[in-house]
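Engineer: The following block contains the structure, expressed as structure tokens.
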Amino acid sequence: MKQTPSQTVGPYFAYGLTPEQYLYDFKALVGNEMVSPMDDLNCIQISGQVFDGEGKLIPDAMLEIWQNDGEKQLFGRFGTGTDPKNRYVFHTIKPKSVDGQAPHLSVIVFMRGQLIHSYTRLYFEDEPGLNAKDKILNQVPEDRRNTIIAKKTSNGYQMDIHMQGENETVFFDI
Amino acid sequence: MSEIIYNKFDWDVQPPRLSPEYKSTVLRAPTKPLILTKQTLSELSGPVFGDFNLGPLDHDLSKNSIVNGEPLGERILVHGRVLNENGQPIPNTLIEIWQANSCGRYVHKVDQHDAPLDPNFLGAGRCMSDANGNYKFYTIKPGAYPWGNHYNAWRPNHIHFSLFGANITNRLVTQMYFPGDPLLQYDPIFLGVPPKGRDLLISKFDMDATEEGYALAYRFDFVLRGNNATPFENI
Ligand SMILES: [Fe+2]
């Protein structure tokens with residue numbers, strides 16, 4: 001059988017996929033609090049902005065984050081349309097290293113203007129030892145690795161996503 | 001250790017990243033080659049949703065946001081199966097649904113199309129495939145609507161879907177169309193799919209499943225990526 005072709009998420013996904021974030025009257029199955037910032041002392045904030053090929057901020061992207069370190073499986077979803085700076089923001093915990101890989105998050109990027117979603121990863125800059133040995137990171141040309149290594153902030157990590165341009169984010173064929 | 005490997009995207013039927021007729025791909029499609037990677041635990045797992053997540057009317061968009069009467073438009077049901085490329089049914093898959101109302105207007109605040117909102121229709125819902133991969137939901141047939149891609153651009157009638165499946169390699173966001181829609185031949189989003197894939201996005205009218213005096217039925221199957229595991233190895 002042939003795969004069902006992908007189509008764009010379009011500009012109007014918010015009331016179906018992220019209704020509570022965008023204040024629609026429909027229960028959300030998923031949000032951006034992958035752990036509760038109130039309850040979990042290890043909670044970190046992951047954030048960033050998404051840019052197009054002219055360096056313009058993209059206010060209608062949707063990101064999904066999946067992490068599985070063998071102990072904890074966490075999933076989150078957030079649109080870039082509600083934050084005052086059009087950031088994506090997630091509250092989660094940093095995953096552990098599993099199977100010799102450096103700690104990382106899987107990131108799926110959807111937006112109007114993409115007929116098919118894009119997969120990337122988010123690594124952590126304060127793991128230089130594990131990052132240096134990570135098999136997938138090592139498949140990325142050295143001068144592009146920094147596009148998927150998040151920078152440490154006061155309360156978590158920050159990583160922008162560039163769809164095109166000099167700093168185009170590395171996307172994977174998984 | 002035996003290793004199950006999931007198939008990659010099939011570019012015979014999947015749309016390319018850059019599709020200039022659909023103008024917003026020009027500045028948003030990645031331009032550098034994708035990095036081909038081996039599937040690890042991260043790719044071979046994904047979020048799991050249960051029936052308990054769903055509200056009692058989530059599967060009925062014609063009823064789930066009634067304020068003072070029935071929504072306007074043609075009541076329909078959409079049903080089919082969730083399968084993988086190996087032909088195996090995929091049970092317990094979350095299907096999220098969103099669409100315009102019968103006049104072609106979305107509830108979304110960004111939608112400025114000059115067509116009426118329906119106070120009794122939100123246009124969002126969800127359902128799950130059952131143990132045999134079957135799913136079914138009720139809704140109102142969505143209308144066509146104009147968009148700014150080019151002069152006189154109109155989207156054909158369509159319903160948006162989001163599916164999970166076995167793991168994150170199976171993630172699917174797509175749109176279902178209706179048979180015989182004259183706008184399909186002009187729509188750069190539909191035509192962004194290679195010719196071999198286009199028919200896979202058009203539902204079939206289903207007289208057998210049509211409910212007497214209540215709703216016309218359309219059939220639509222979802223096929224997610226398959227894997228290299230032999231389907232019947234345990235028999
Ligand atoms: Fe649409």
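If you're wondering about the labels, chains in the structure tokens are A, B, ... by order shown, residues count from 1 in each chain, ligands from 1 in order shown.
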Would you mind listing the residues within 7 Å of ligand 1, counting only C-alpha atoms and all ligand atoms, as a PyMOL selection string?
Structural biologist: (chain A and resi 10+12) or (chain B and resi 99-100+158-160)
Engineer: Starting from chain B, keep only residues with some atom at most 6 Å from an atom of chain A, counting only C-alpha atoms, and report them as a ChimeraX atom specification.
Structural biologist: /B:13-14,24-25,27-28,30,34-37,42,85,98,108,124,173-175,222-224
Engineer: So that I can check the secondary structure, give me every residue of range 110-220 of chain B assigned helix (DSSP H, G or I) by backbone DSSP, as a list of chain:residue names.
Structural biologist: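 Output for range 110-220 of chain B, helix (DSSP H, G or I) only: B:Ile168, B:Thr169, B:Asn170, B:Leu184, B:Gln185, B:Tyr186, B:Pro195, B:Lys196, B:Gly197, B:Arg198, B:Asp199, B:Leu200, B:Leu201.
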Engineer: List every residue of range 53-142 of chain A that DSSP, applied to the backbone of this structure, places in strand (DSSP E or B), and write the result as a PyMOL selection string.
Structural biologist: chain A and resi 57+61-68+73-79+88-92+104-111+118-124
Engineer: What does the file look like for those residues with C-alpha atoms, as an mmCIF file, in the first residue's frame?
Structural biologist:
data_model
loop_
_atom_site.group_PDB
_atom_site.id
_atom_site.type_symbol
_atom_site.label_atom_id
_atom_site.label_comp_id
_atom_site.auth_asym_id
_atom_site.auth_seq_id
_atom_site.Cartn_x
_atom_site.Cartn_y
_atom_site.Cartn_z
ATOM 1 C CA LEU A 57 9.904 35.779 12.392
ATOM 2 C CA ALA A 61 4.498 27.570 13.172
ATOM 3 C CA MET A 62 3.672 24.652 15.469
ATOM 4 C CA LEU A 63 6.372 22.617 17.186
ATOM 5 C CA GLU A 64 6.143 19.217 18.790
ATOM 6 C CA ILE A 65 8.750 17.851 21.157
ATOM 7 C CA TRP A 66 9.245 14.188 21.947
ATOM 8 C CA GLN A 67 11.776 12.829 24.392
ATOM 9 C CA ASN A 68 12.431 9.283 25.551
ATOM 10 C CA GLN A 73 8.638 9.655 27.889
ATOM 11 C CA LEU A 74 7.394 13.213 27.426
ATOM 12 C CA PHE A 75 5.522 14.953 24.623
ATOM 13 C CA GLY A 76 4.629 18.601 24.118
ATOM 14 C CA ARG A 77 3.094 20.866 21.488
ATOM 15 C CA PHE A 78 3.086 24.641 21.117
ATOM 16 C CA GLY A 79 2.296 27.226 18.432
ATOM 17 C CA TYR A 88 8.004 28.544 21.168
ATOM 18 C CA VAL A 89 8.227 27.709 24.868
ATOM 19 C CA PHE A 90 8.250 24.291 26.552
ATOM 20 C CA HIS A 91 8.619 23.285 30.187
ATOM 21 C CA THR A 92 10.288 19.925 30.540
ATOM 22 C CA HIS A 104 18.543 15.373 23.082
ATOM 23 C CA LEU A 105 14.951 16.220 22.243
ATOM 24 C CA SER A 106 13.267 15.251 18.976
ATOM 25 C CA VAL A 107 11.596 18.263 17.402
ATOM 26 C CA ILE A 108 8.923 18.192 14.693
ATOM 27 C CA VAL A 109 8.227 21.462 12.899
ATOM 28 C CA PHE A 110 4.932 22.211 11.124
ATOM 29 C CA MET A 111 3.777 25.390 9.410
ATOM 30 C CA SER A 118 10.463 18.715 9.200
ATOM 31 C CA TYR A 119 12.343 16.716 11.829
ATOM 32 C CA THR A 120 15.228 18.089 13.813
ATOM 33 C CA ARG A 121 16.856 17.562 17.236
ATOM 34 C CA LEU A 122 17.809 19.803 20.103
ATOM 35 C CA TYR A 123 21.101 19.021 21.871
ATOM 36 C CA PHE A 124 22.488 20.800 24.950
#
Engineer: Which polymer residues have any atom within 10 Å of an atom of Ala166 in chain B, counting only C-alpha atoms, with same-chain residues fewer than 6 positions away left out, as number ranges by chain?
Structural biologist: B: 6, 43-48, 84, 90-93, 224-226
Engineer: Just all heavy atoms for this one: save the residues we selected as a short mmCIF file (atom, residue, chain, number, x, y, z; two decimals), in the first residue's frame.
Structural biologist:
data_model
loop_
_atom_site.label_atom_id
_atom_site.label_comp_id
_atom_site.auth_asym_id
_atom_site.auth_seq_id
_atom_site.Cartn_x
_atom_site.Cartn_y
_atom_site.Cartn_z
N TYR B 6 11.70 1.33 10.34
CA TYR B 6 10.54 1.90 9.65
C TYR B 6 10.95 2.49 8.31
O TYR B 6 12.03 3.06 8.17
CB TYR B 6 9.85 2.94 10.55
CG TYR B 6 8.89 2.25 11.48
CD1 TYR B 6 9.35 1.58 12.62
CD2 TYR B 6 7.53 2.17 11.18
CE1 TYR B 6 8.49 0.89 13.44
CE2 TYR B 6 6.66 1.48 12.00
CZ TYR B 6 7.14 0.84 13.13
OH TYR B 6 6.27 0.14 13.92
N GLU B 43 13.33 7.85 17.71
CA GLU B 43 12.50 7.76 16.51
C GLU B 43 11.57 6.54 16.56
O GLU B 43 10.52 6.54 15.90
CB GLU B 43 13.35 7.65 15.24
CG GLU B 43 14.11 8.93 14.88
CD GLU B 43 15.31 9.18 15.78
OE1 GLU B 43 15.94 8.19 16.22
OE2 GLU B 43 15.61 10.35 16.07
N LEU B 44 11.98 5.52 17.31
CA LEU B 44 11.19 4.28 17.31
C LEU B 44 10.15 4.25 18.43
O LEU B 44 9.60 3.21 18.75
CB LEU B 44 12.13 3.07 17.40
CG LEU B 44 13.00 2.91 16.14
CD1 LEU B 44 14.05 1.83 16.34
CD2 LEU B 44 12.14 2.59 14.91
N SER B 45 9.89 5.40 19.02
CA SER B 45 8.84 5.51 20.03
C SER B 45 8.11 6.82 19.79
O SER B 45 8.53 7.63 18.96
CB SER B 45 9.46 5.47 21.44
OG SER B 45 10.44 6.49 21.58
N GLY B 46 7.02 7.02 20.52
CA GLY B 46 6.24 8.24 20.33
C GLY B 46 5.15 8.31 21.37
O GLY B 46 4.96 7.36 22.15
N PRO B 47 4.43 9.42 21.43
CA PRO B 47 3.40 9.57 22.46
C PRO B 47 2.26 8.57 22.27
O PRO B 47 1.95 8.18 21.14
CB PRO B 47 2.90 11.01 22.25
CG PRO B 47 3.24 11.34 20.85
CD PRO B 47 4.49 10.58 20.53
N VAL B 48 1.67 8.15 23.39
CA VAL B 48 0.56 7.20 23.36
C VAL B 48 -0.67 7.90 23.95
O VAL B 48 -0.58 8.52 25.01
CB VAL B 48 0.90 5.94 24.18
CG1 VAL B 48 -0.28 4.98 24.21
CG2 VAL B 48 2.13 5.25 23.60
N ASN B 84 -0.82 0.47 7.85
CA ASN B 84 0.52 0.88 7.43
C ASN B 84 0.78 0.33 6.03
O ASN B 84 -0.06 -0.38 5.47
CB ASN B 84 1.59 0.49 8.45
CG ASN B 84 1.75 -1.02 8.57
OD1 ASN B 84 1.27 -1.78 7.73
ND2 ASN B 84 2.45 -1.45 9.61
N ILE B 90 -3.69 -0.34 12.10
CA ILE B 90 -3.04 0.33 13.22
C ILE B 90 -4.11 0.74 14.23
O ILE B 90 -4.87 1.69 13.99
CB ILE B 90 -2.27 1.59 12.75
CG1 ILE B 90 -1.35 1.27 11.57
CG2 ILE B 90 -1.48 2.20 13.90
CD1 ILE B 90 -0.22 0.32 11.89
N PRO B 91 -4.19 0.00 15.33
CA PRO B 91 -5.21 0.31 16.33
C PRO B 91 -4.82 1.49 17.22
O PRO B 91 -3.64 1.88 17.27
CB PRO B 91 -5.28 -0.98 17.17
CG PRO B 91 -3.95 -1.61 17.02
CD PRO B 91 -3.37 -1.15 15.70
N ASN B 92 -5.82 2.05 17.91
CA ASN B 92 -5.59 3.07 18.97
C ASN B 92 -4.76 4.24 18.50
O ASN B 92 -3.87 4.71 19.20
CB ASN B 92 -4.92 2.44 20.19
CG ASN B 92 -5.67 1.23 20.68
OD1 ASN B 92 -6.90 1.24 20.70
ND2 ASN B 92 -4.95 0.18 21.03
N THR B 93 -5.01 4.68 17.29
CA THR B 93 -4.31 5.86 16.79
C THR B 93 -5.20 7.09 16.92
O THR B 93 -6.35 7.08 16.48
CB THR B 93 -3.91 5.66 15.32
OG1 THR B 93 -2.82 4.75 15.30
CG2 THR B 93 -3.47 6.95 14.67
N LEU B 224 0.00 4.77 6.96
CA LEU B 224 1.21 5.30 7.59
C LEU B 224 2.42 4.48 7.12
O LEU B 224 2.27 3.45 6.48
CB LEU B 224 1.07 5.23 9.11
CG LEU B 224 -0.21 5.89 9.67
CD1 LEU B 224 -0.28 5.75 11.19
CD2 LEU B 224 -0.27 7.37 9.28
N ARG B 225 3.61 4.97 7.44
CA ARG B 225 4.81 4.26 7.01
C ARG B 225 4.84 2.84 7.56
O ARG B 225 4.51 2.61 8.72
CB ARG B 225 6.05 4.98 7.54
CG ARG B 225 6.30 6.34 6.95
CD ARG B 225 7.74 6.65 7.21
NE ARG B 225 8.01 8.05 7.44
CZ ARG B 225 9.22 8.49 7.82
NH1 ARG B 225 10.22 7.66 8.03
NH2 ARG B 225 9.42 9.77 8.01
N GLY B 226 5.28 1.90 6.76
CA GLY B 226 5.42 0.52 7.19
C GLY B 226 6.80 0.24 7.74
O GLY B 226 7.58 1.17 7.98
#
Engineer: For Pro56 in chain B, which of B:Gly213, B:Cys127, B:Phe178, B:Gly165 is the closest residue, counting only C-alpha atoms?
Structural biologist: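 Counting only C-alpha atoms, the residue closest to Pro56 in chain B is B:Cys127.
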Engineer: What's around Asn152 in chain B at 12 Å? Count only C-alpha atoms, leave out sequence neighbours fewer than 4 positions away in its own chain, and write the answer as a PDB file with N, CA and C atoms, in the first residue's frame.
Structural biologist:
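And here's out.pdb as it stands now:
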ATOM      1  N   TYR B 145     -13.131  27.915   0.287  1.00  0.00           N
ATOM      2  CA  TYR B 145     -12.844  29.282   0.723  1.00  0.00           C
ATOM      3  C   TYR B 145     -11.695  29.872  -0.090  1.00  0.00           C
ATOM      4  N   PRO B 146     -11.688  31.208  -0.225  1.00  0.00           N
ATOM      5  CA  PRO B 146     -10.633  31.865  -0.982  1.00  0.00           C
ATOM      6  C   PRO B 146      -9.377  32.039  -0.135  1.00  0.00           C
ATOM      7  N   TRP B 147      -8.230  32.113  -0.780  1.00  0.00           N
ATOM      8  CA  TRP B 147      -6.977  32.399  -0.061  1.00  0.00           C
ATOM      9  C   TRP B 147      -6.075  33.226  -0.948  1.00  0.00           C
ATOM     10  N   GLY B 148      -5.004  33.752  -0.394  1.00  0.00           N
ATOM     11  CA  GLY B 148      -4.250  34.786  -1.088  1.00  0.00           C
ATOM     12  C   GLY B 148      -3.114  34.319  -1.968  1.00  0.00           C
ATOM     13  N   LEU B 183     -12.467  22.234  -8.022  1.00  0.00           N
ATOM     14  CA  LEU B 183     -11.355  23.106  -7.630  1.00  0.00           C
ATOM     15  C   LEU B 183     -10.031  22.356  -7.489  1.00  0.00           C
ATOM     16  N   TYR B 186      -7.070  23.151  -9.703  1.00  0.00           N
ATOM     17  CA  TYR B 186      -6.453  24.484  -9.615  1.00  0.00           C
ATOM     18  C   TYR B 186      -5.706  24.704  -8.304  1.00  0.00           C
ATOM     19  N   ASP B 187      -5.688  23.715  -7.410  1.00  0.00           N
ATOM     20  CA  ASP B 187      -5.210  23.947  -6.040  1.00  0.00           C
ATOM     21  C   ASP B 187      -3.742  23.550  -5.888  1.00  0.00           C
TER      22      ASP B 187
END
Engineer: Give me the residues within 8 Å of Gln49 in chain A as a list of chain:residue names, counting only C-alpha atoms and dropping any in the same chain fewer than 4 places off.
Structural biologist: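 After dropping sequence-adjacent residues, the list is A:Leu57, A:Ile58, A:Thr80, A:Lys85, A:Asn86, A:Arg87, A:Tyr88, A:Met159, A:Asp160, A:Ile161.
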Engineer: Taking only C-alpha atoms into account, which of A:Asp60, A:Lys72, A:Ile44, A:Gly100 comes nearest Thr153 in chain A?
Structural biologist: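 Smallest distance to Thr153 in chain A is found for A:Ile44.
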